[in-house]
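upload.cif follows; it contains mmCIF, C-alpha atoms.
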data_upload
loop_
_atom_site.label_atom_id
_atom_site.label_comp_id
_atom_site.auth_asym_id
_atom_site.auth_seq_id
_atom_site.Cartn_x
_atom_site.Cartn_y
_atom_site.Cartn_z
CA MET A 70 13.81 20.27 24.03
CA SER A 71 10.31 19.23 25.02
CA LEU A 72 8.86 16.77 22.50
CA THR A 73 5.22 16.49 21.44
CA VAL A 74 3.94 12.94 21.84
CA LEU A 75 2.05 11.63 18.81
CA THR A 76 0.58 8.14 18.61
CA CYS A 77 0.49 6.26 15.33
CA GLY A 78 -1.02 2.82 14.82
CA TYR A 79 0.51 0.36 12.38
CA VAL A 80 0.14 -3.23 11.23
CA PRO A 81 3.52 -5.06 11.16
CA LEU A 82 4.38 -5.07 7.45
CA VAL A 83 7.45 -3.96 5.55
CA ASP A 84 5.56 -0.95 4.19
CA CYS A 85 5.24 0.62 7.63
CA ALA A 86 8.98 1.34 7.24
CA PRO A 87 8.69 5.15 6.88
CA LEU A 88 7.12 5.36 10.33
CA ILE A 89 9.68 3.09 11.96
CA VAL A 90 12.59 4.86 10.30
CA ALA A 91 11.18 8.27 11.25
CA LYS A 92 11.24 7.16 14.87
CA GLU A 93 14.44 5.11 14.97
CA LEU A 94 16.70 7.43 13.00
CA GLY A 95 15.56 10.61 14.70
CA PHE A 96 13.63 12.27 11.86
CA ALA A 97 10.62 12.60 14.16
CA GLU A 98 12.71 13.94 17.02
CA ASP A 99 14.26 16.49 14.67
CA GLU A 100 10.72 17.75 14.12
CA GLY A 101 10.02 17.95 17.84
CA ILE A 102 7.96 14.75 17.92
CA ALA A 103 8.10 11.78 20.26
CA LEU A 104 6.54 9.30 17.83
CA GLU A 105 4.82 6.50 19.72
CA LEU A 106 4.21 3.57 17.36
CA VAL A 107 1.42 1.25 18.46
CA ALA A 108 1.30 -2.16 16.73
CA GLN A 109 -2.20 -3.35 15.83
CA PRO A 110 -3.39 -6.96 15.39
CA SER A 111 -5.58 -6.26 12.34
CA TRP A 112 -6.82 -3.56 9.99
CA SER A 113 -10.23 -3.51 11.63
CA ALA A 114 -8.60 -2.84 15.00
CA THR A 115 -6.54 -0.03 13.46
CA ARG A 116 -9.65 1.50 11.89
CA ASP A 117 -11.57 1.41 15.17
CA MET A 118 -8.72 2.79 17.25
CA LEU A 119 -8.32 5.72 14.86
CA ALA A 120 -12.04 6.41 14.53
CA LEU A 121 -12.56 6.37 18.29
CA GLY A 122 -9.71 8.80 18.91
CA HIS A 123 -7.33 6.37 20.61
CA LEU A 124 -4.70 7.09 17.94
CA ASP A 125 -3.62 10.43 16.48
CA SER A 126 -2.70 8.90 13.13
CA ALA A 127 -2.37 5.53 11.46
CA HIS A 128 -0.76 3.44 8.75
CA LEU A 129 -3.85 2.47 6.71
CA LEU A 130 -4.62 0.58 3.53
CA SER A 131 -5.20 3.20 0.85
CA PRO A 132 -8.94 2.41 0.38
CA MET A 133 -9.66 2.64 4.13
CA PRO A 134 -9.93 6.46 4.52
CA ILE A 135 -12.25 6.49 1.52
CA ALA A 136 -14.39 3.60 2.77
CA MET A 137 -14.61 5.14 6.25
CA SER A 138 -15.48 8.58 4.87
CA LEU A 139 -18.20 7.04 2.68
CA GLY A 140 -19.60 5.05 5.61
CA LEU A 141 -18.71 1.66 4.13
CA GLY A 142 -18.25 -1.11 6.70
CA GLY A 143 -17.53 -0.86 10.42
CA LEU A 144 -17.08 2.46 12.16
CA PRO A 145 -17.54 5.42 9.82
CA GLY A 146 -15.46 8.55 10.16
CA GLU A 147 -14.22 11.47 8.11
CA ILE A 148 -10.60 10.46 7.50
CA ASP A 149 -7.83 12.27 5.62
CA ALA A 150 -4.99 10.59 3.77
CA LEU A 151 -2.17 13.08 4.35
CA MET A 152 0.37 11.34 2.15
CA VAL A 153 1.04 7.94 0.62
CA LEU A 154 3.39 5.80 2.72
CA SER A 155 4.11 3.16 0.06
CA VAL A 156 3.41 2.21 -3.54
CA ASN A 157 3.08 -1.45 -4.56
CA GLY A 158 4.64 -4.06 -2.25
CA THR A 159 1.91 -6.74 -2.39
CA ILE A 160 2.08 -10.27 -3.75
CA PHE A 161 -0.33 -12.93 -5.05
CA GLY A 162 0.51 -16.45 -3.91
CA VAL A 163 -1.12 -19.85 -4.25
CA SER A 164 -0.93 -23.18 -2.47
CA ASN A 165 1.59 -25.68 -3.76
CA ALA A 166 -1.24 -27.80 -5.17
CA ILE A 167 -2.65 -24.87 -7.16
CA ALA A 168 0.86 -23.85 -8.27
CA ASP A 169 1.42 -27.32 -9.75
CA GLN A 170 -1.70 -26.86 -11.89
CA LEU A 171 -1.00 -23.27 -12.90
CA GLY A 172 2.30 -23.75 -14.67
CA ALA A 173 2.55 -19.98 -14.92
CA THR A 174 5.57 -17.71 -15.28
CA PHE A 175 6.22 -15.59 -12.19
CA GLY A 176 5.23 -11.98 -12.80
CA ASP A 177 3.39 -12.65 -16.08
CA ALA A 178 -0.25 -11.65 -15.48
CA ARG A 179 -1.51 -13.15 -18.71
CA SER A 180 0.10 -16.56 -18.11
CA VAL A 181 -1.30 -16.58 -14.57
CA ALA A 182 -4.75 -15.72 -15.92
CA ALA A 183 -4.49 -18.57 -18.43
CA GLY A 184 -3.42 -20.95 -15.67
CA LEU A 185 -6.35 -19.92 -13.46
CA ALA A 186 -8.77 -20.45 -16.36
CA ALA A 187 -7.47 -24.01 -16.77
CA LEU A 188 -7.87 -24.99 -13.10
CA THR A 189 -10.09 -28.00 -12.47
CA THR A 190 -11.44 -26.64 -9.17
CA ASP A 191 -14.91 -25.07 -9.13
CA LYS A 192 -14.04 -22.46 -6.51
CA LEU A 193 -10.87 -20.65 -5.51
CA ARG A 194 -10.75 -19.35 -1.93
CA VAL A 195 -8.48 -16.28 -1.83
CA GLY A 196 -7.34 -14.64 1.39
CA VAL A 197 -6.96 -10.87 1.57
CA PRO A 198 -6.07 -8.84 4.68
CA PHE A 199 -9.16 -6.63 4.65
CA HIS A 200 -12.27 -6.08 2.56
CA TYR A 201 -11.46 -2.43 1.86
CA SER A 202 -7.95 -3.04 0.60
CA MET A 203 -5.95 -2.58 -2.58
CA HIS A 204 -5.36 -6.35 -2.40
CA ARG A 205 -9.04 -7.04 -3.01
CA LEU A 206 -9.42 -4.30 -5.61
CA LEU A 207 -6.42 -5.55 -7.61
CA LEU A 208 -7.63 -9.15 -7.38
CA GLU A 209 -11.10 -8.24 -8.62
CA TYR A 210 -9.68 -5.99 -11.34
CA PHE A 211 -7.36 -8.78 -12.47
CA LEU A 212 -10.10 -11.40 -12.64
CA ARG A 213 -12.78 -9.18 -14.18
CA ASN A 214 -13.52 -10.38 -17.73
CA GLN A 215 -11.05 -13.25 -17.27
CA PRO A 216 -12.23 -16.87 -17.39
CA SER A 217 -11.49 -18.36 -13.96
CA PRO A 218 -13.08 -20.46 -11.24
CA LYS A 219 -15.59 -18.83 -8.94
CA VAL A 220 -13.62 -16.83 -6.36
CA GLU A 221 -14.53 -16.62 -2.69
CA ILE A 222 -12.70 -13.76 -0.95
CA ILE A 223 -11.91 -14.44 2.70
CA THR A 224 -10.49 -11.90 5.15
CA VAL A 225 -7.35 -13.16 6.92
CA PRO A 226 -4.97 -10.99 9.02
CA PRO A 227 -1.61 -10.68 7.23
CA ALA A 228 0.39 -12.55 9.87
CA ARG A 229 -2.06 -15.49 9.67
CA MET A 230 -1.95 -15.91 5.90
CA ALA A 231 0.65 -18.71 5.90
CA ASP A 232 -1.29 -20.57 8.59
CA ALA A 233 -4.51 -20.22 6.59
CA ILE A 234 -3.02 -21.71 3.45
CA ALA A 235 -1.16 -24.43 5.37
CA ASP A 236 -4.41 -25.45 7.08
CA GLY A 237 -6.32 -25.56 3.78
CA PHE A 238 -8.60 -22.68 4.81
CA ILE A 239 -7.64 -20.78 1.65
CA ASP A 240 -6.20 -21.79 -1.73
CA ALA A 241 -4.46 -18.50 -2.52
CA PHE A 242 -3.74 -15.09 -1.03
CA TRP A 243 -2.99 -11.49 -1.88
CA VAL A 244 -0.91 -9.99 0.92
CA GLY A 245 1.73 -7.40 1.72
CA GLU A 246 5.29 -8.47 2.40
CA PRO A 247 6.87 -10.06 4.35
CA TRP A 248 3.93 -12.43 4.70
CA GLY A 249 4.13 -13.85 1.17
CA SER A 250 7.81 -14.64 1.66
CA ALA A 251 6.99 -16.10 5.07
CA ALA A 252 4.55 -18.54 3.44
CA VAL A 253 7.24 -19.55 0.94
CA ALA A 254 9.80 -20.03 3.72
CA ARG A 255 7.38 -22.41 5.44
CA GLY A 256 7.07 -24.39 2.22
CA VAL A 257 3.27 -23.99 2.00
CA ALA A 258 2.89 -21.64 -0.98
CA GLN A 259 4.40 -20.25 -4.14
CA LEU A 260 4.30 -16.61 -5.27
CA VAL A 261 3.03 -15.92 -8.77
CA LEU A 262 2.39 -12.17 -9.19
CA PRO A 263 3.56 -8.94 -7.60
CA GLY A 264 0.79 -6.38 -7.29
CA SER A 265 2.71 -4.14 -9.69
CA ALA A 266 2.00 -6.66 -12.47
CA ILE A 267 -1.66 -5.59 -12.33
CA TRP A 268 -1.24 -1.86 -11.69
CA ALA A 269 2.33 -0.65 -12.01
CA PHE A 270 1.86 2.22 -9.55
CA ALA A 271 -0.82 1.32 -7.02
CA PRO A 272 -0.97 3.37 -3.79
CA GLU A 273 -0.81 0.73 -1.06
CA LYS A 274 -0.63 2.42 2.37
CA VAL A 275 -1.32 5.97 3.49
CA LEU A 276 -0.61 8.10 6.53
CA ALA A 277 -4.10 8.86 7.79
CA ALA A 278 -5.73 10.93 10.53
CA ARG A 279 -9.20 12.08 11.45
CA HIS A 280 -10.30 15.14 9.53
CA ASP A 281 -11.17 17.07 12.69
CA TRP A 282 -7.82 16.23 14.30
CA VAL A 283 -6.02 17.46 11.19
CA ALA A 284 -7.93 20.73 11.24
CA GLU A 285 -7.28 21.27 14.96
CA ASN A 286 -3.58 20.37 14.94
CA PRO A 287 -1.88 21.95 11.91
CA ALA A 288 1.54 22.16 13.58
CA LYS A 289 1.48 18.49 14.63
CA VAL A 290 0.42 17.47 11.12
CA ARG A 291 3.22 19.54 9.60
CA HIS A 292 5.93 18.04 11.79
CA LEU A 293 4.67 14.48 11.39
CA MET A 294 4.51 14.73 7.61
CA ARG A 295 7.97 16.26 7.37
CA ALA A 296 9.45 13.48 9.51
CA VAL A 297 7.83 10.78 7.39
CA TYR A 298 8.89 12.52 4.18
CA ALA A 299 12.53 12.56 5.33
CA ALA A 300 12.29 8.88 6.29
CA ALA A 301 10.85 7.95 2.88
CA LYS A 302 13.70 9.69 1.08
CA TRP A 303 16.20 7.86 3.29
CA LEU A 304 14.54 4.50 2.58
CA ASP A 305 14.73 4.83 -1.19
CA THR A 306 18.46 5.60 -1.09
CA PRO A 307 20.12 2.31 -2.18
CA ARG A 308 23.01 2.42 0.29
CA ASN A 309 20.54 2.60 3.20
CA LYS A 310 18.64 -0.58 2.40
CA PRO A 311 20.76 -3.02 4.51
CA LEU A 312 20.30 -0.83 7.59
CA ALA A 313 16.59 -0.48 6.86
CA VAL A 314 16.23 -4.28 6.87
CA GLU A 315 18.13 -4.50 10.16
CA ILE A 316 15.94 -1.85 11.82
CA LEU A 317 12.68 -3.44 10.64
CA ALA A 318 13.72 -6.89 11.83
CA ARG A 319 14.00 -5.82 15.46
CA SER A 320 11.63 -7.46 17.92
CA GLU A 321 9.80 -4.26 18.78
CA HIS A 322 8.88 -3.72 15.11
CA LEU A 323 8.31 -6.71 12.80
CA ASN A 324 10.11 -9.33 14.92
CA LEU A 325 11.01 -11.42 11.87
CA PRO A 326 14.30 -12.67 10.43
CA ALA A 327 16.05 -10.19 8.17
CA GLU A 328 15.97 -12.68 5.29
CA LEU A 329 12.16 -12.45 5.21
CA ILE A 330 12.19 -8.65 5.18
CA ASP A 331 14.99 -8.18 2.65
CA PRO A 332 13.00 -9.28 -0.47
CA ALA A 333 10.53 -6.41 -0.31
CA ILE A 334 13.23 -3.80 0.36
CA THR A 335 15.54 -5.05 -2.41
CA GLY A 336 12.92 -6.32 -4.87
CA GLN A 337 14.56 -9.75 -4.95
CA ILE A 338 11.51 -12.02 -4.64
CA THR A 339 11.89 -15.79 -4.26
CA PRO A 340 8.74 -17.34 -5.77
CA GLY A 341 9.09 -20.74 -4.11
CA VAL A 342 11.29 -23.21 -2.31
CA ASN A 343 14.28 -24.14 -4.50
CA HIS A 344 13.56 -21.20 -6.83
CA SER A 345 16.13 -18.53 -7.58
CA PRO A 346 15.23 -14.97 -6.61
CA ALA A 347 13.60 -12.89 -9.35
CA HIS A 348 14.18 -9.15 -9.45
CA VAL A 349 10.93 -7.17 -9.52
CA ASP A 350 11.60 -3.61 -10.59
CA ARG A 351 9.85 -1.07 -8.36
CA PHE A 352 8.42 -3.82 -6.17
CA LEU A 353 7.99 -1.35 -3.29
CA LEU A 354 8.48 2.41 -3.44
CA PHE A 355 8.55 4.95 -0.62
CA ASP A 356 9.89 8.10 -2.29
CA SER A 357 10.89 7.51 -5.93
CA GLN A 358 8.65 8.88 -8.67
CA ALA A 359 6.61 10.98 -6.23
CA ALA A 360 5.50 7.79 -4.47
CA HIS A 361 4.25 9.67 -1.42
CA PHE A 362 2.12 12.22 -3.30
CA PRO A 363 -1.63 11.67 -2.63
CA TRP A 364 -2.99 11.74 -6.19
CA ARG A 365 -6.70 12.52 -6.13
CA SER A 366 -7.16 10.56 -9.35
CA GLN A 367 -5.98 7.46 -7.50
CA ALA A 368 -8.60 8.14 -4.84
CA ALA A 369 -11.18 8.37 -7.62
CA TRP A 370 -10.07 4.97 -9.03
CA ILE A 371 -10.39 3.42 -5.58
CA ALA A 372 -13.83 4.93 -5.00
CA GLN A 373 -15.16 3.79 -8.35
CA HIS A 374 -13.97 0.25 -7.66
CA LEU A 375 -15.65 0.40 -4.27
CA GLY A 376 -18.89 1.11 -6.11
CA ALA A 377 -19.18 4.83 -5.39
CA ASP A 378 -21.29 7.12 -7.57
CA ALA A 379 -20.06 10.45 -8.96
CA HIS A 380 -20.80 12.23 -5.67
CA GLY A 381 -18.95 9.55 -3.71
CA ILE A 382 -15.97 9.83 -6.04
CA GLN A 383 -15.78 13.56 -5.39
CA ARG A 384 -15.87 12.91 -1.63
CA ALA A 385 -13.14 10.32 -2.04
CA LYS A 386 -10.91 12.75 -3.91
CA ALA A 387 -11.27 15.21 -1.03
CA CYS A 388 -9.89 12.53 1.35
CA PHE A 389 -6.52 12.55 -0.42
CA ARG A 390 -5.10 15.81 0.93
CA SER A 391 -2.80 16.95 -1.85
CA ASP A 392 -3.52 20.51 -0.68
CA ILE A 393 -1.95 19.85 2.72
CA TYR A 394 0.90 17.94 1.10
CA ARG A 395 1.74 20.96 -1.05
CA ASP A 396 1.55 23.42 1.84
CA VAL A 397 3.65 21.29 4.20
CA LEU A 398 6.27 19.68 1.98
CA GLY A 399 6.78 22.24 -0.75
CA PRO A 400 8.70 24.58 1.59
CA VAL A 401 11.11 21.78 2.62
CA GLY A 402 12.08 20.92 -0.94
CA ALA A 403 9.53 18.39 -2.19
CA ASP A 404 9.15 18.54 -5.96
CA LEU A 405 5.43 19.12 -6.53
CA PRO A 406 3.57 18.01 -9.66
CA GLY A 407 1.76 20.64 -11.70
CA GLY A 408 -1.62 19.08 -10.93
CA SER A 409 -3.09 16.88 -8.22
CA GLU A 410 -4.94 14.58 -10.64
CA LYS A 411 -3.89 12.71 -13.75
CA VAL A 412 -5.12 10.08 -16.15
CA GLU A 413 -4.18 6.81 -14.48
CA GLY A 414 -2.56 4.04 -16.50
CA ILE A 415 -1.42 6.12 -19.43
CA MET A 416 2.35 5.93 -18.81
CA ARG A 417 4.05 2.73 -19.96
CA HIS A 418 7.51 4.20 -19.42
CA ALA A 419 9.10 6.66 -17.01
CA THR A 420 8.01 10.14 -18.08
CA ALA A 421 9.17 13.64 -17.17
CA VAL A 422 6.28 15.88 -16.10
CA ALA A 423 5.86 19.53 -15.15
CA SER A 424 6.76 20.20 -11.52
CA THR A 425 7.80 23.03 -9.24
CA ARG A 426 11.48 22.08 -9.33
CA GLY A 427 11.52 20.59 -12.80
CA HIS A 428 12.97 17.23 -11.77
CA MET A 429 9.91 14.99 -11.52
CA ILE A 430 9.84 11.62 -13.29
CA LEU A 431 6.62 9.63 -13.05
CA GLY A 432 5.57 6.15 -14.08
CA PRO A 433 5.21 3.71 -15.45
CA ASP A 434 1.70 3.42 -14.07
CA ALA A 435 0.08 1.07 -16.61
CA PHE A 436 -2.64 -1.45 -15.87
CA PHE A 437 -2.05 -5.01 -17.05
CA ASP A 438 -4.95 -4.80 -19.55
CA ASP A 439 -3.70 -1.51 -21.08
CA LYS A 440 -6.84 0.38 -20.04
CA ILE A 441 -6.70 3.90 -18.66
CA PHE A 442 -8.78 5.57 -15.97
CA ASP A 443 -10.01 9.12 -16.50
CA PHE A 444 -11.04 10.65 -13.20
CA THR A 445 -13.56 13.16 -14.60
CA PRO A 446 -17.09 12.76 -13.14
CA GLU A 447 -18.73 11.85 -16.45
CA ASN A 448 -16.43 8.83 -16.95
#
Would it be possible to restate this file's structure as structure tokens?
Amino acid sequence: MSLTVLTCGYVPLVDCAPLIVAKELGFAEDEGIALELVAQPSWSATRDMLALGHLDSAHLLSPMPIAMSLGLGGLPGEIDALMVLSVNGTIFGVSNAIADQLGATFGDARSVAAGLAALTTDKLRVGVPFHYSMHRLLLEYFLRNQPSPKVEIITVPPARMADAIADGFIDAFWVGEPWGSAAVARGVAQLVLPGSAIWAFAPEKVLAARHDWVAENPAKVRHLMRAVYAAAKWLDTPRNKPLAVEILARSEHLNLPAELIDPAITGQITPGVNHSPAHVDRFLLFDSQAAHFPWRSQAAWIAQHLGADAHGIQRAKACFRSDIYRDVLGPVGADLPGGSEKVEGIMRHATAVASTRGHMILGPDAFFDDKIFDFTPEN
């Protein structure tokens, strides 16, 4: 069978797993695709390669299609988020010196906030992988209305985060795994909060493509999405996790020891050297609880926190292509929610919701401060 070659850019992180599994386990080939994965050195490089047409699709931070479509930073471009690749999976870590002052309980947002408020430093330099990232939005949301030192946000590529904190260039970081665990393994940092402690169901990465490419290549889009959907379901099957770690660790993918990749896949996070692993429920999701559905209300939350007005929020919602998701994945068995938008943050427990197959469980999706986000334009 002749395969259609599709290129997809990715940054080496655990949450690119659906793409790697789609290629390595033959889900892409089953759809008639020769999936060519192209590792990128940074998010800005990924953005530019996609915008300039050198990639068909890309693994992007969830705010990036919105920022690009709104013309914020770097090369603009009308970009579609076809589906969410991962939910959660990020971690907030601090230098050993800051950790000694914090005295906070791992995973407890309020104790970390209290520890930050008590710091004697005047300024906290925090590394994030990219300006238009969920890392930055969660950090700013967490610190808003909280007493804390002045924060300087510094962009650092994920793979350089441990170097940056070891060299004293930053005091803390918010990064995707395995780079938090890598900093711990080097003995230069301690982990204090998973991203899910701030927003329990934050869309982290998306499968993105240029809007014009999507319109011109409906068959390619359909086959790519179906391959990634099958890979996501495979990844969230517990018995498959050891093999997933082994595949990701290979040199052509993440090129890191399996023990640094395993924490994100299993949710067993080691906060620091000589600490016992702590289980973080739902640390990283690929399929469970409709993780890959592109909720337009989540796009609205992102846009609002990027400073968009009501018109910009509507444009952002159009970037999250729940319409294409329904058309492509409904026929292959995906359980589809009754609506494509919801009130964000309202579910503190897992909740059954109306869906096409009647089996959908969502949440929890609460914010750490118990606020909710209503996506309607007047709010």
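Here the question is which of A:Val156, A:Ile102, A:Ala266, A:Ala86 gets nearest to Leu312 in chain A using only C-alpha atoms, and that residue is A:Ala86.
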Counting all atoms listed in the file, what are the residues of range 318-389 of chain A within 12 Å of range 174-177 of chain A, and for each of them which pair of atoms is the nearest and at what distance in Å, to one decimal? Sort the table by chain and rising number, as CSV.
residue,atom,partner,partner_atom,distance
A:Ile338,CA,A:Phe175,CA,9.9
A:Thr339,CA,A:Phe175,CA,9.8
A:Pro340,CA,A:Phe175,CA,7.1
A:Gly341,CA,A:Phe175,CA,10.0
A:His344,CA,A:Phe175,CA,10.7
A:Ser345,CA,A:Phe175,CA,11.3
A:Pro346,CA,A:Phe175,CA,10.6
A:Ala347,CA,A:Phe175,CA,8.4
A:His348,CA,A:Gly176,CA,10.0
A:Val349,CA,A:Gly176,CA,8.1
A:Asp350,CA,A:Gly176,CA,10.7
A:Phe352,CA,A:Gly176,CA,11.0
Residues returned when the PyMOL selection byres ((chain A and resi 294) around 8) runs on this file, as a ChimeraX atom specification | /A:151-152,290-293,295-298,397-398
Find the residues of range 194-220 of chain A that sit at most 12 Å from range 234-258 of chain A; for each, write down the nearest two atoms and how far apart they are in Å, to one decimal. Count all atoms listed in the file. Sort by chain, then by number going up, and give it as a Markdown table.
| residue | atom | partner | partner_atom | distance |
| --- | --- | --- | --- | --- |
| A:Arg194 | CA | A:Ile239 | CA | 5.0 |
| A:Val195 | CA | A:Ala241 | CA | 4.6 |
| A:Gly196 | CA | A:Phe242 | CA | 4.4 |
| A:Val197 | CA | A:Trp243 | CA | 5.3 |
| A:Pro198 | CA | A:Val244 | CA | 6.5 |
| A:Phe199 | CA | A:Val244 | CA | 9.7 |
| A:His200 | CA | A:Trp243 | CA | 11.6 |
| A:Ser202 | CA | A:Val244 | CA | 9.9 |
| A:Met203 | CA | A:Trp243 | CA | 9.4 |
| A:His204 | CA | A:Trp243 | CA | 5.7 |
| A:Arg205 | CA | A:Trp243 | CA | 7.6 |
| A:Leu206 | CA | A:Trp243 | CA | 10.3 |
| A:Leu207 | CA | A:Trp243 | CA | 8.9 |
| A:Leu208 | CA | A:Trp243 | CA | 7.6 |
| A:Glu209 | CA | A:Trp243 | CA | 11.0 |
| A:Phe211 | CA | A:Trp243 | CA | 11.8 |
| A:Pro218 | CA | A:Asp240 | CA | 11.8 |
| A:Val220 | CA | A:Asp240 | CA | 10.1 |
Just the residues within 10 Å of Ala369 in chain A, please, counting only C-alpha atoms, with nothing from its chain fewer than 3 positions along; format it as a PyMOL selection string.
-> chain A and resi 135+364-366+372-375+377+379+381-389+410+413+442-446
Nearby residues (all atoms listed in the file) at most 9 Å from Asn157 in chain A, same-chain spacing under 3 positions excluded, as an NGL selection string | :A and (160 or 245 or 263-265 or 268-274 or 351-354)
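The residue that comes closest to Asp396 in chain A, out of A:Pro134, A:Pro287, A:Gly143, A:Gly158 and on the basis of only C-alpha atoms, is A:Pro287.
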Neighbours of Leu124 in chain A within 9 Å (all atoms listed in the file; same-chain residues fewer than 2 positions away dropped), as a count of residues only?
-> 14
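From CA of Tyr394 in chain A back to CA of Arg426 in chain A, the distance works out to 15.4 Å.
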Report the distance between CA of Lys411 in chain A and CA of Ile371 in chain A in Å, rounded to one decimal place.
-> 14.0 Å
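Nearest-residue note for Pro363 in chain A: choosing from A:Val401, A:Leu154, A:Ala173, A:Val422, the minimum distance belongs to A:Leu154, counting all atoms listed in the file.
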Quick one: apply the PyMOL selection byres ((chain A and resi 103) around 7) to the file and drop the selected residues here as a list in words.
-> Leu72, Thr73, Val74, Leu75, Ala97, Glu98, Gly101, Ile102, Leu104 and Glu105 of chain A
Expected selection from the PyMOL selection byres ((chain A and resi 128) around 6), given as a PyMOL selection string | chain A and resi 79+127+129+275-276
